[in-house]
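S.K.: Below you'll find input.cif; it's mmCIF, C-alpha atoms.
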```cif
data_target
loop_
_atom_site.label_atom_id
_atom_site.label_comp_id
_atom_site.auth_asym_id
_atom_site.auth_seq_id
_atom_site.Cartn_x
_atom_site.Cartn_y
_atom_site.Cartn_z
CA MET A 127 145.83 -194.26 -104.88
CA SER A 128 144.73 -191.36 -102.69
CA GLY A 129 143.41 -187.84 -102.95
CA PHE A 130 145.06 -184.88 -101.26
CA ARG A 131 144.29 -181.25 -100.66
CA ASN A 132 146.24 -178.40 -99.09
CA ASP A 133 144.51 -175.04 -98.89
CA GLY A 134 147.76 -173.11 -99.01
CA ALA A 135 147.21 -171.27 -95.73
CA HIS A 136 150.85 -171.86 -94.85
CA GLY A 137 152.08 -173.03 -98.22
CA VAL A 138 153.45 -176.47 -99.00
CA ASP A 139 157.07 -177.35 -98.25
CA VAL A 140 157.67 -181.09 -98.11
CA LEU A 141 160.86 -183.13 -97.94
CA ALA A 142 160.09 -186.16 -100.10
CA LEU A 143 162.18 -189.17 -99.15
CA ALA A 144 163.17 -192.34 -100.95
CA ARG A 145 160.68 -195.16 -100.72
CA PRO A 146 160.55 -198.51 -102.57
CA VAL A 147 157.85 -197.26 -104.95
CA VAL A 148 157.42 -195.10 -108.01
CA THR A 149 155.41 -192.00 -107.10
CA VAL A 150 153.04 -190.25 -109.50
CA ALA A 151 151.50 -186.95 -108.33
CA ILE A 152 148.83 -185.42 -110.56
CA ILE A 153 148.23 -181.79 -109.55
CA LEU A 154 144.84 -180.42 -110.52
CA GLY A 155 143.75 -176.96 -111.62
CA ASP A 156 146.16 -174.22 -112.63
CA LYS A 157 148.46 -174.54 -109.60
CA GLY A 158 152.01 -175.69 -110.16
CA ILE A 159 154.72 -177.10 -107.92
CA THR A 160 158.48 -176.79 -107.69
CA VAL A 161 160.57 -179.93 -107.23
CA GLU A 162 164.23 -179.61 -106.34
CA ASN A 163 167.06 -182.02 -105.55
CA GLY A 164 170.78 -182.35 -106.13
CA ALA A 165 170.20 -183.06 -109.83
CA GLY A 166 168.25 -179.88 -110.54
CA ARG A 167 165.09 -177.83 -110.09
CA TRP A 168 161.84 -178.27 -112.00
CA SER A 169 158.63 -176.25 -112.24
CA LEU A 170 155.88 -178.78 -112.97
CA ASP A 171 152.13 -179.23 -112.99
CA SER A 172 152.58 -182.87 -111.91
CA TYR A 173 155.48 -185.22 -111.51
CA VAL A 174 156.71 -188.80 -111.63
CA GLY A 175 159.64 -189.84 -109.46
CA GLY A 176 161.53 -193.07 -108.96
CA MET A 177 163.69 -194.46 -106.16
CA SER A 178 166.26 -191.68 -106.18
CA PRO A 179 168.95 -191.96 -103.49
CA GLY A 180 168.48 -188.53 -101.93
CA ALA A 181 165.61 -186.40 -100.73
CA HIS A 182 163.91 -183.84 -102.91
CA ARG A 183 162.00 -180.78 -101.82
CA VAL A 184 158.47 -180.11 -103.08
CA ARG A 185 157.03 -176.61 -102.71
CA ALA A 186 153.74 -175.00 -103.69
CA GLY A 187 151.35 -172.31 -102.52
CA SER A 188 148.45 -174.75 -102.48
CA ALA A 189 147.71 -178.07 -104.12
CA GLU A 190 145.01 -180.62 -104.79
CA GLY A 191 145.27 -183.84 -106.71
CA ILE A 192 145.78 -187.57 -107.00
CA LYS A 193 148.75 -189.50 -105.67
CA LEU A 194 149.79 -192.94 -106.88
CA ARG A 195 152.38 -195.19 -105.28
CA LEU A 196 153.27 -198.02 -107.61
CA SER A 197 155.44 -201.03 -106.97
CA PRO A 198 158.33 -200.71 -109.44
CA VAL A 199 157.40 -204.04 -111.04
CA ARG A 200 153.87 -202.67 -111.63
CA ALA A 201 155.23 -199.29 -112.76
CA TYR A 202 157.28 -201.07 -115.43
CA ALA A 203 154.06 -202.52 -116.85
CA LEU A 204 151.79 -199.49 -116.36
CA LEU A 205 153.99 -196.51 -117.21
CA GLY A 206 155.32 -195.88 -120.68
CA VAL A 207 158.66 -194.49 -119.51
CA SER A 208 161.86 -196.38 -118.90
CA PRO A 209 162.43 -196.73 -115.14
CA LEU A 210 166.03 -195.60 -115.71
CA GLU A 211 164.73 -192.17 -116.71
CA LEU A 212 163.34 -191.74 -113.20
CA ASN A 213 166.60 -192.38 -111.38
CA ASP A 214 168.03 -189.24 -109.74
CA SER A 215 165.38 -187.13 -111.42
CA VAL A 216 161.70 -186.38 -111.85
CA ILE A 217 159.70 -185.93 -115.03
CA GLY A 218 156.46 -184.13 -115.76
CA LEU A 219 153.18 -185.80 -116.59
CA GLU A 220 153.29 -184.52 -120.16
CA ASP A 221 156.70 -186.15 -120.61
CA LEU A 222 155.14 -189.41 -119.45
CA TRP A 223 151.85 -189.46 -121.40
CA GLY A 224 152.05 -186.52 -123.78
CA ARG A 225 148.74 -184.90 -124.71
CA ALA A 226 146.87 -187.75 -122.99
CA GLY A 227 148.42 -186.68 -119.68
CA VAL A 228 147.31 -183.09 -120.21
CA LEU A 229 143.79 -184.26 -121.02
CA LEU A 230 143.71 -186.48 -117.92
CA ARG A 231 144.54 -183.50 -115.70
CA GLU A 232 141.78 -181.45 -117.29
CA GLN A 233 139.23 -184.23 -116.80
CA LEU A 234 140.28 -184.84 -113.21
CA THR A 235 140.00 -181.13 -112.44
CA GLU A 236 136.44 -181.05 -113.78
CA ALA A 237 135.32 -184.24 -111.97
CA VAL A 238 132.73 -183.75 -109.24
CA SER A 239 133.88 -186.42 -106.76
CA TRP A 240 137.01 -188.19 -105.59
CA GLN A 241 135.60 -191.55 -106.65
CA GLU A 242 135.12 -190.26 -110.19
CA ARG A 243 138.73 -189.07 -110.16
CA PHE A 244 139.98 -192.45 -108.95
CA ASP A 245 137.99 -194.28 -111.64
CA MET A 246 139.29 -191.95 -114.36
CA THR A 247 142.87 -192.46 -113.23
CA ALA A 248 142.56 -196.24 -113.08
CA THR A 249 140.98 -196.33 -116.54
CA HIS A 250 143.76 -194.12 -117.90
CA LEU A 251 146.46 -196.39 -116.47
CA LEU A 252 144.94 -199.46 -118.06
CA ARG A 253 144.40 -197.74 -121.39
CA HIS A 254 147.94 -196.43 -121.61
CA ARG A 255 149.83 -199.28 -119.97
CA SER A 256 153.05 -200.20 -121.71
CA GLY A 257 152.25 -203.91 -121.81
CA ARG A 258 155.77 -204.79 -120.71
CA ILE A 259 156.10 -207.59 -118.17
CA PRO A 260 159.19 -207.82 -115.95
CA ASP A 261 161.16 -211.03 -116.15
CA PRO A 262 160.06 -213.61 -113.54
CA GLU A 263 163.64 -213.59 -112.24
CA VAL A 264 163.51 -209.81 -111.75
CA ARG A 265 160.13 -209.96 -109.99
CA ALA A 266 161.37 -212.75 -107.72
CA SER A 267 164.54 -210.81 -106.88
CA TRP A 268 162.50 -207.71 -106.02
CA HIS A 269 160.24 -209.71 -103.72
CA HIS A 270 163.27 -211.34 -102.06
CA ILE A 271 164.64 -207.86 -101.34
CA LEU A 272 161.32 -206.78 -99.82
CA ALA A 273 160.91 -209.96 -97.79
CA GLY A 274 164.44 -209.61 -96.41
CA HIS A 275 163.95 -205.90 -95.59
CA GLY A 276 166.94 -205.13 -97.81
CA ARG A 277 169.22 -207.56 -95.98
CA VAL A 278 170.15 -209.69 -98.97
CA ALA A 279 173.34 -210.18 -100.95
CA VAL A 280 173.29 -209.66 -104.72
CA ALA A 281 175.25 -212.90 -105.13
CA ASP A 282 172.45 -214.77 -103.33
CA LEU A 283 169.84 -213.12 -105.57
CA ALA A 284 171.78 -214.16 -108.65
CA GLU A 285 172.11 -217.74 -107.41
CA ALA A 286 168.38 -217.94 -106.68
CA SER A 287 167.52 -216.55 -110.12
CA GLY A 288 169.83 -218.92 -111.98
CA TRP A 289 171.43 -215.96 -113.74
CA SER A 290 174.92 -214.56 -113.56
CA ARG A 291 175.36 -211.56 -111.31
CA LYS A 292 176.09 -209.39 -114.36
CA ARG A 293 172.91 -210.45 -116.16
CA LEU A 294 170.73 -209.94 -113.06
CA TRP A 295 172.30 -206.51 -112.47
CA ALA A 296 171.57 -205.42 -116.05
CA ARG A 297 168.02 -206.80 -116.32
CA PHE A 298 167.00 -205.63 -112.84
CA SER A 299 168.31 -202.12 -113.51
CA ALA A 300 166.51 -201.90 -116.85
CA GLN A 301 163.17 -203.05 -115.43
CA ILE A 302 163.19 -201.66 -111.88
CA GLY A 303 165.19 -198.51 -112.57
CA VAL A 304 167.97 -199.04 -110.03
CA THR A 305 170.50 -201.77 -109.32
CA PRO A 306 169.64 -204.60 -106.92
CA LYS A 307 172.12 -203.12 -104.45
CA HIS A 308 170.45 -199.73 -104.52
CA ALA A 309 166.98 -201.26 -104.27
CA ALA A 310 168.12 -203.10 -101.13
CA ARG A 311 169.55 -199.84 -99.75
CA VAL A 312 166.21 -198.07 -100.23
CA VAL A 313 164.24 -200.86 -98.56
CA ARG A 314 166.66 -201.07 -95.64
CA PHE A 315 166.80 -197.27 -95.27
CA ARG A 316 163.03 -196.97 -95.21
CA ARG A 317 162.71 -199.58 -92.46
CA ALA A 318 165.38 -197.88 -90.36
CA PHE A 319 163.87 -194.46 -91.00
CA ASN A 320 160.42 -195.63 -89.89
CA MET A 321 161.90 -197.12 -86.72
CA LEU A 322 163.71 -193.88 -85.89
CA LEU A 323 160.60 -191.87 -86.67
CA SER A 324 158.67 -193.96 -84.13
CA GLY A 325 161.34 -193.27 -81.48
CA ALA A 326 163.55 -196.38 -81.68
CA SER A 327 167.16 -195.90 -80.57
CA THR A 328 169.92 -195.68 -83.14
CA THR A 329 171.42 -198.83 -81.65
CA ARG A 330 168.24 -200.82 -82.17
CA ALA A 331 167.66 -199.42 -85.67
CA ALA A 332 171.22 -200.26 -86.71
CA THR A 333 171.02 -203.79 -85.29
CA ASP A 334 167.52 -204.68 -86.47
CA CYS A 335 168.06 -203.33 -89.98
CA GLY A 336 171.41 -205.00 -90.58
CA PHE A 337 173.77 -202.05 -90.59
CA ALA A 338 177.38 -202.82 -89.76
CA ASP A 339 177.39 -200.30 -86.92
CA GLN A 340 175.90 -196.97 -85.88
CA PRO A 341 178.27 -194.91 -88.11
CA HIS A 342 177.01 -196.97 -91.07
CA LEU A 343 173.41 -196.13 -90.11
CA HIS A 344 174.38 -192.47 -89.73
CA ARG A 345 175.88 -192.38 -93.24
CA GLU A 346 172.82 -193.97 -94.84
CA ILE A 347 170.27 -191.79 -93.03
CA SER A 348 172.29 -188.72 -93.94
CA ALA A 349 172.61 -189.80 -97.58
CA PHE A 350 168.85 -190.30 -97.95
CA THR A 351 167.55 -187.44 -95.81
CA GLY A 352 170.34 -184.93 -95.26
CA LEU A 353 169.70 -185.35 -91.52
CA THR A 354 171.28 -187.28 -88.68
CA PRO A 355 169.46 -190.26 -87.11
CA ASN A 356 168.90 -188.28 -83.89
CA LEU A 357 167.30 -185.38 -85.78
CA VAL A 358 164.90 -187.90 -87.33
CA ARG A 359 164.18 -189.42 -83.90
CA PHE A 360 163.48 -186.08 -82.28
CA GLY A 361 161.07 -184.64 -84.80
CA ALA A 362 163.01 -182.87 -87.56
CA ILE A 363 160.57 -184.60 -89.93
CA SER A 364 156.97 -185.04 -88.83
CA PRO A 365 155.20 -188.38 -89.42
CA ASP A 366 152.71 -186.61 -91.70
CA GLU A 367 155.49 -185.11 -93.79
CA ALA A 368 157.29 -188.45 -94.04
CA ASP A 369 154.09 -190.21 -95.11
CA ALA A 370 153.20 -187.50 -97.62
CA GLU A 371 156.12 -188.64 -99.79
CA GLY A 372 156.29 -185.29 -101.50
CA THR A 373 152.62 -185.12 -102.38
CA PHE A 374 151.49 -183.02 -99.45
CA VAL A 375 149.28 -183.59 -96.46
CA GLN A 376 146.21 -185.60 -97.34
CA ASP A 377 142.81 -184.18 -96.48
CA ASN A 378 141.26 -187.27 -94.93
CA ALA A 379 137.75 -185.85 -95.09
CA LEU A 380 137.90 -185.57 -98.86
CA GLY A 381 140.70 -187.84 -99.99
CA GLY A 382 139.53 -191.43 -99.97
CA ARG A 383 141.80 -194.32 -100.90
CA ARG A 384 141.58 -197.30 -103.16
#
```
Any chance you could give the structure as structure tokens?
M.R.:
Amino acid sequence: MSGFRNDGAHGVDVLALARPVVTVAIILGDKGITVENGAGRWSLDSYVGGMSPGAHRVRAGSAEGIKLRLSPVRAYALLGVSPLELNDSVIGLEDLWGRAGVLLREQLTEAVSWQERFDMTATHLLRHRSGRIPDPEVRASWHHILAGHGRVAVADLAEASGWSRKRLWARFSAQIGVTPKHAARVVRFRRAFNMLLSGASTTRAATDCGFADQPHLHREISAFTGLTPNLVRFGAISPDEADAEGTFVQDNALGGRR
């Protein structure tokens, strides 16, 4: 959880990229944002987004608020929405929590400190948690994907879980929001993207992240960012923008973390 603030001097225009988390951005005050991707365009006061395969663009004149990054296994338990509803799309806070979400925004806007905002948000999450618990087999499969940096075969996951491939595919998708194959793609993409962002060569990124060859890396980077690997390497996306994950540049002086 973190706080962020952008004073709007130059406006906000962020390319939010896939990451192995569910992102919740709660925008405070009367300022709205526009979120756009291949699936559509939304004008929202806040948003919730899952592990969609492509980038989406977030724009606003100015913004201040709270950002949450939740592990998908925690999001399944804490959020009252089916993870499948977040795939390839975004939803507003009111769609997630109804009137309680509207009230939370109002209370956060009136709070006098970031710590008070963090405490309010944590209390809200616990109060409105869905109570659902992912299957142990699904949790274990997710952690195997993370531990292997996305370099894992679905057949191996199924064997380790003791389930058939079909059953694992269905249960994982229902509880994580994407298939095991797509989850592995996101994890592997994010590792390769971070390497390229830090200046690693395309050869090293392709080899270290388990891509078949450089054209394979090129296709995946393009699918998730709309850019080539070399454009990522040479600054088409700034580290701050990549880290912002669609929730703008954090004001470190005001936006503590927990």
S.K.: Applying 12 Å and all atoms listed in the file, which residues near Arg293 in chain A remain after dropping the ones on its own chain fewer than 2 positions away? List them as a list in words.
M.R.: Asp261, Glu263, Val264, Val280, Ala281, Leu283, Ala284, Glu285, Ser287, Gly288, Trp289, Ser290, Arg291, Trp295, Ala296, Arg297, Phe298, Ser299, Ala300, Thr305 and Pro306 of chain A
S.K.: May I have the residues within 7 Å of range 155-172 of chain A as an MDAnalysis selection string, using all atoms listed in the file and disregarding those fewer than 5 positions away in the same chain?
M.R.: chainID A and resid 181:186 189 214:215 218:219 235
S.K.: Let's have the selection written as a PDB file, in the frame of the given file, with C-alpha atoms.
M.R.:
```
ATOM      1  CA  ALA A 181     165.610-186.400-100.730  1.00  0.00           C
ATOM      2  CA  HIS A 182     163.910-183.840-102.910  1.00  0.00           C
ATOM      3  CA  ARG A 183     162.000-180.780-101.820  1.00  0.00           C
ATOM      4  CA  VAL A 184     158.470-180.110-103.080  1.00  0.00           C
ATOM      5  CA  ARG A 185     157.030-176.610-102.710  1.00  0.00           C
ATOM      6  CA  ALA A 186     153.740-175.000-103.690  1.00  0.00           C
ATOM      7  CA  ALA A 189     147.710-178.070-104.120  1.00  0.00           C
ATOM      8  CA  ASP A 214     168.030-189.240-109.740  1.00  0.00           C
ATOM      9  CA  SER A 215     165.380-187.130-111.420  1.00  0.00           C
ATOM     10  CA  GLY A 218     156.460-184.130-115.760  1.00  0.00           C
ATOM     11  CA  LEU A 219     153.180-185.800-116.590  1.00  0.00           C
ATOM     12  CA  THR A 235     140.000-181.130-112.440  1.00  0.00           C
TER      13      THR A 235
END
```
S.K.: Can you measure CA of Ala266 in chain A to CA of Phe337 in chain A for me? One decimal in Å is fine.
M.R.: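 We find that CA of Ala266 in chain A and CA of Phe337 in chain A lie 23.7 Å from each other.
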S.K.: Of the residues A:Gly303, A:Gly206, A:Gly276, A:Pro260, which is the one nearest to Gly227 in chain A, using all atoms listed in the file?
M.R.: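 Answer, going by the shortest atom-to-atom distance: A:Gly206.
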S.K.: Quick one: what's the axis-aligned box for range 188-196 of chain A, all listed atoms, 5 Å on every side, centre and edges in Å to one decimal, as JSON?
M.R.:
```
{"center_x": 149.1, "center_y": -186.4, "center_z": -105.0, "size_x": 18.3, "size_y": 33.3, "size_z": 15.1}
```
S.K.: Determine, counting all atoms listed in the file, every residue of protein, DNA or RNA that lies within 9 Å of (172.1, -184.4, -98.8) in the file coordinates, then give the result as a list in words.
M.R.: Asn163, Gly164, Gly180, Ala181, Ser348, Ala349, Phe350, Thr351, Gly352 and Leu353 of chain A
S.K.: Go ahead and save the residues from that selection, with C-alpha atoms, as a PDB file, keeping the file's coordinate frame.
M.R.:
```pdb
ATOM      1  CA  ASN A 163     167.060-182.020-105.550  1.00  0.00           C
ATOM      2  CA  GLY A 164     170.780-182.350-106.130  1.00  0.00           C
ATOM      3  CA  GLY A 180     168.480-188.530-101.930  1.00  0.00           C
ATOM      4  CA  ALA A 181     165.610-186.400-100.730  1.00  0.00           C
ATOM      5  CA  SER A 348     172.290-188.720 -93.940  1.00  0.00           C
ATOM      6  CA  ALA A 349     172.610-189.800 -97.580  1.00  0.00           C
ATOM      7  CA  PHE A 350     168.850-190.300 -97.950  1.00  0.00           C
ATOM      8  CA  THR A 351     167.550-187.440 -95.810  1.00  0.00           C
ATOM      9  CA  GLY A 352     170.340-184.930 -95.260  1.00  0.00           C
ATOM     10  CA  LEU A 353     169.700-185.350 -91.520  1.00  0.00           C
TER      11      LEU A 353
END
```
S.K.: Considering only C-alpha atoms, can you say which of A:Ala226, A:Leu294, A:Val147, A:Ala332 comes closest to Leu272 in chain A?
M.R.: A:Val147
S.K.: Tell me, as a ChimeraX atom specification, which residues lie within 9 Å of Thr354 in chain A, counting only C-alpha atoms; anything in the same chain fewer than 4 positions away does not count.
M.R.: /A:344-345,347-348,358-359
S.K.: Residues at most 9 Å from Leu322 in chain A, counting only C-alpha atoms, excluding those fewer than 6 positions away in the same chain, as a list in words?
M.R.: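 Final neighbour list, sorted by chain and number: Thr328, Ala331, Pro355, Asn356, Val358, Arg359 and Phe360 of chain A.
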S.K.: Grab the CA of Ile302 in chain A to CA of Leu196 in chain A distance for me, in Å with one decimal place.
M.R.: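 Value for the CA of Ile302 in chain A-CA of Leu196 in chain A distance: 11.4 Å.
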S.K.: If we count only C-alpha atoms and set the cut-off at 12 Å, which residues sit around Leu229 in chain A, ignoring sequence neighbours fewer than 3 positions away in its own chain? Please answer as a ChimeraX atom specification.
M.R.: /A:152,154-155,219-220,223-226,232-236,246-247,250
S.K.: Could you state the separation of CA of Ile192 in chain A and CA of His308 in chain A in Å, given to one decimal place?
M.R.: 27.6 Å
S.K.: Pick the closest to Trp268 in chain A from A:His342, A:Arg243, A:Arg316, A:Lys307: which is it, counting only C-alpha atoms?
M.R.: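 Closest residue, counting only C-alpha atoms: A:Lys307.
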S.K.: So, counting all atoms listed in the file, which residue among A:Gly129, A:Ser324, A:Val313, A:Ser267 is closest to Glu242 in chain A?
M.R.: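 For Glu242 in chain A, the nearest of the given residues is A:Gly129.
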S.K.: Tell me which of A:Ile153, A:Val278, A:Leu323, A:Leu230 sits closest to Glu190 in chain A, counting all atoms listed in the file.
M.R.: A:Ile153
S.K.: Find the residue from A:Leu204, A:Met177, A:Ala279, A:Leu141 that sits nearest to Val312 in chain A; use only C-alpha atoms when measuring.
M.R.: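 Smallest distance to Val312 in chain A is found for A:Met177.
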S.K.: Could I see range 256-267 of chain A restored to all heavy atoms, set down as an mmCIF file, keeping the file's coordinate frame?
M.R.:
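Now in selection-v9.cif:
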```cif
data_model
loop_
_atom_site.group_PDB
_atom_site.id
_atom_site.type_symbol
_atom_site.label_atom_id
_atom_site.label_comp_id
_atom_site.auth_asym_id
_atom_site.auth_seq_id
_atom_site.Cartn_x
_atom_site.Cartn_y
_atom_site.Cartn_z
ATOM 1 N N SER A 256 152.024 -199.886 -120.719
ATOM 2 C CA SER A 256 153.050 -200.200 -121.710
ATOM 3 C C SER A 256 152.929 -201.634 -122.215
ATOM 4 O O SER A 256 153.382 -201.946 -123.319
ATOM 5 C CB SER A 256 154.443 -199.999 -121.092
ATOM 6 O OG SER A 256 154.688 -200.979 -120.091
ATOM 7 N N GLY A 257 152.359 -202.516 -121.404
ATOM 8 C CA GLY A 257 152.250 -203.910 -121.810
ATOM 9 C C GLY A 257 153.493 -204.727 -121.526
ATOM 10 O O GLY A 257 153.519 -205.941 -121.761
ATOM 11 N N ARG A 258 154.537 -204.065 -121.019
ATOM 12 C CA ARG A 258 155.770 -204.790 -120.710
ATOM 13 C C ARG A 258 155.586 -205.584 -119.422
ATOM 14 O O ARG A 258 154.929 -205.126 -118.490
ATOM 15 C CB ARG A 258 156.929 -203.814 -120.560
ATOM 16 C CG ARG A 258 157.206 -203.008 -121.820
ATOM 17 C CD ARG A 258 158.266 -201.968 -121.567
ATOM 18 N NE ARG A 258 157.881 -201.033 -120.520
ATOM 19 C CZ ARG A 258 158.596 -199.957 -120.177
ATOM 20 N NH1 ARG A 258 159.738 -199.715 -120.785
ATOM 21 N NH2 ARG A 258 158.172 -199.148 -119.224
ATOM 22 N N ILE A 259 156.180 -206.741 -119.367
ATOM 23 C CA ILE A 259 156.100 -207.590 -118.170
ATOM 24 C C ILE A 259 157.519 -207.858 -117.698
ATOM 25 O O ILE A 259 158.343 -208.374 -118.461
ATOM 26 C CB ILE A 259 155.384 -208.915 -118.489
ATOM 27 C CG1 ILE A 259 153.965 -208.643 -118.995
ATOM 28 C CG2 ILE A 259 155.358 -209.800 -117.245
ATOM 29 C CD1 ILE A 259 153.231 -209.884 -119.433
ATOM 30 N N PRO A 260 157.838 -207.544 -116.458
ATOM 31 C CA PRO A 260 159.190 -207.820 -115.950
ATOM 32 C C PRO A 260 159.491 -209.310 -115.996
ATOM 33 O O PRO A 260 158.603 -210.156 -115.868
ATOM 34 C CB PRO A 260 159.137 -207.304 -114.508
ATOM 35 C CG PRO A 260 157.996 -206.348 -114.480
ATOM 36 C CD PRO A 260 156.995 -206.874 -115.461
ATOM 37 N N ASP A 261 160.746 -209.626 -116.181
ATOM 38 C CA ASP A 261 161.160 -211.030 -116.150
ATOM 39 C C ASP A 261 160.784 -211.657 -114.813
ATOM 40 O O ASP A 261 160.886 -211.006 -113.768
ATOM 41 C CB ASP A 261 162.679 -211.137 -116.322
ATOM 42 C CG ASP A 261 163.147 -210.664 -117.679
ATOM 43 O OD1 ASP A 261 162.446 -210.929 -118.673
ATOM 44 O OD2 ASP A 261 164.215 -210.021 -117.737
ATOM 45 N N PRO A 262 160.370 -212.927 -114.817
ATOM 46 C CA PRO A 262 160.060 -213.610 -113.540
ATOM 47 C C PRO A 262 161.232 -213.550 -112.570
ATOM 48 O O PRO A 262 161.034 -213.422 -111.354
ATOM 49 C CB PRO A 262 159.759 -215.037 -113.977
ATOM 50 C CG PRO A 262 159.326 -214.922 -115.407
ATOM 51 C CD PRO A 262 160.126 -213.798 -115.979
ATOM 52 N N GLU A 263 162.455 -213.632 -113.097
ATOM 53 C CA GLU A 263 163.640 -213.590 -112.240
ATOM 54 C C GLU A 263 163.789 -212.222 -111.564
ATOM 55 O O GLU A 263 164.222 -212.121 -110.417
ATOM 56 C CB GLU A 263 164.898 -213.911 -113.050
ATOM 57 C CG GLU A 263 164.962 -215.337 -113.580
ATOM 58 C CD GLU A 263 164.186 -215.525 -114.896
ATOM 59 O OE1 GLU A 263 163.538 -214.559 -115.367
ATOM 60 O OE2 GLU A 263 164.232 -216.631 -115.451
ATOM 61 N N VAL A 264 163.435 -211.158 -112.310
ATOM 62 C CA VAL A 264 163.510 -209.810 -111.750
ATOM 63 C C VAL A 264 162.440 -209.624 -110.683
ATOM 64 O O VAL A 264 162.701 -209.096 -109.597
ATOM 65 C CB VAL A 264 163.363 -208.750 -112.865
ATOM 66 C CG1 VAL A 264 163.164 -207.355 -112.273
ATOM 67 C CG2 VAL A 264 164.581 -208.765 -113.776
ATOM 68 N N ARG A 265 161.213 -210.078 -110.977
ATOM 69 C CA ARG A 265 160.130 -209.960 -109.990
ATOM 70 C C ARG A 265 160.489 -210.731 -108.723
ATOM 71 O O ARG A 265 160.278 -210.242 -107.610
ATOM 72 C CB ARG A 265 158.820 -210.495 -110.572
ATOM 73 C CG ARG A 265 158.274 -209.683 -111.731
ATOM 74 C CD ARG A 265 156.783 -209.945 -111.922
ATOM 75 N NE ARG A 265 156.466 -211.353 -112.068
ATOM 76 C CZ ARG A 265 156.447 -212.013 -113.227
ATOM 77 N NH1 ARG A 265 156.737 -211.371 -114.354
ATOM 78 N NH2 ARG A 265 156.138 -213.283 -113.281
ATOM 79 N N ALA A 266 161.018 -211.942 -108.898
ATOM 80 C CA ALA A 266 161.370 -212.750 -107.720
ATOM 81 C C ALA A 266 162.475 -212.075 -106.913
ATOM 82 O O ALA A 266 162.428 -212.068 -105.673
ATOM 83 C CB ALA A 266 161.817 -214.143 -108.166
ATOM 84 N N SER A 267 163.449 -211.497 -107.587
ATOM 85 C CA SER A 267 164.540 -210.810 -106.880
ATOM 86 C C SER A 267 164.014 -209.619 -106.101
ATOM 87 O O SER A 267 164.415 -209.375 -104.959
ATOM 88 C CB SER A 267 165.615 -210.354 -107.882
ATOM 89 O OG SER A 267 166.234 -211.464 -108.497
#
```
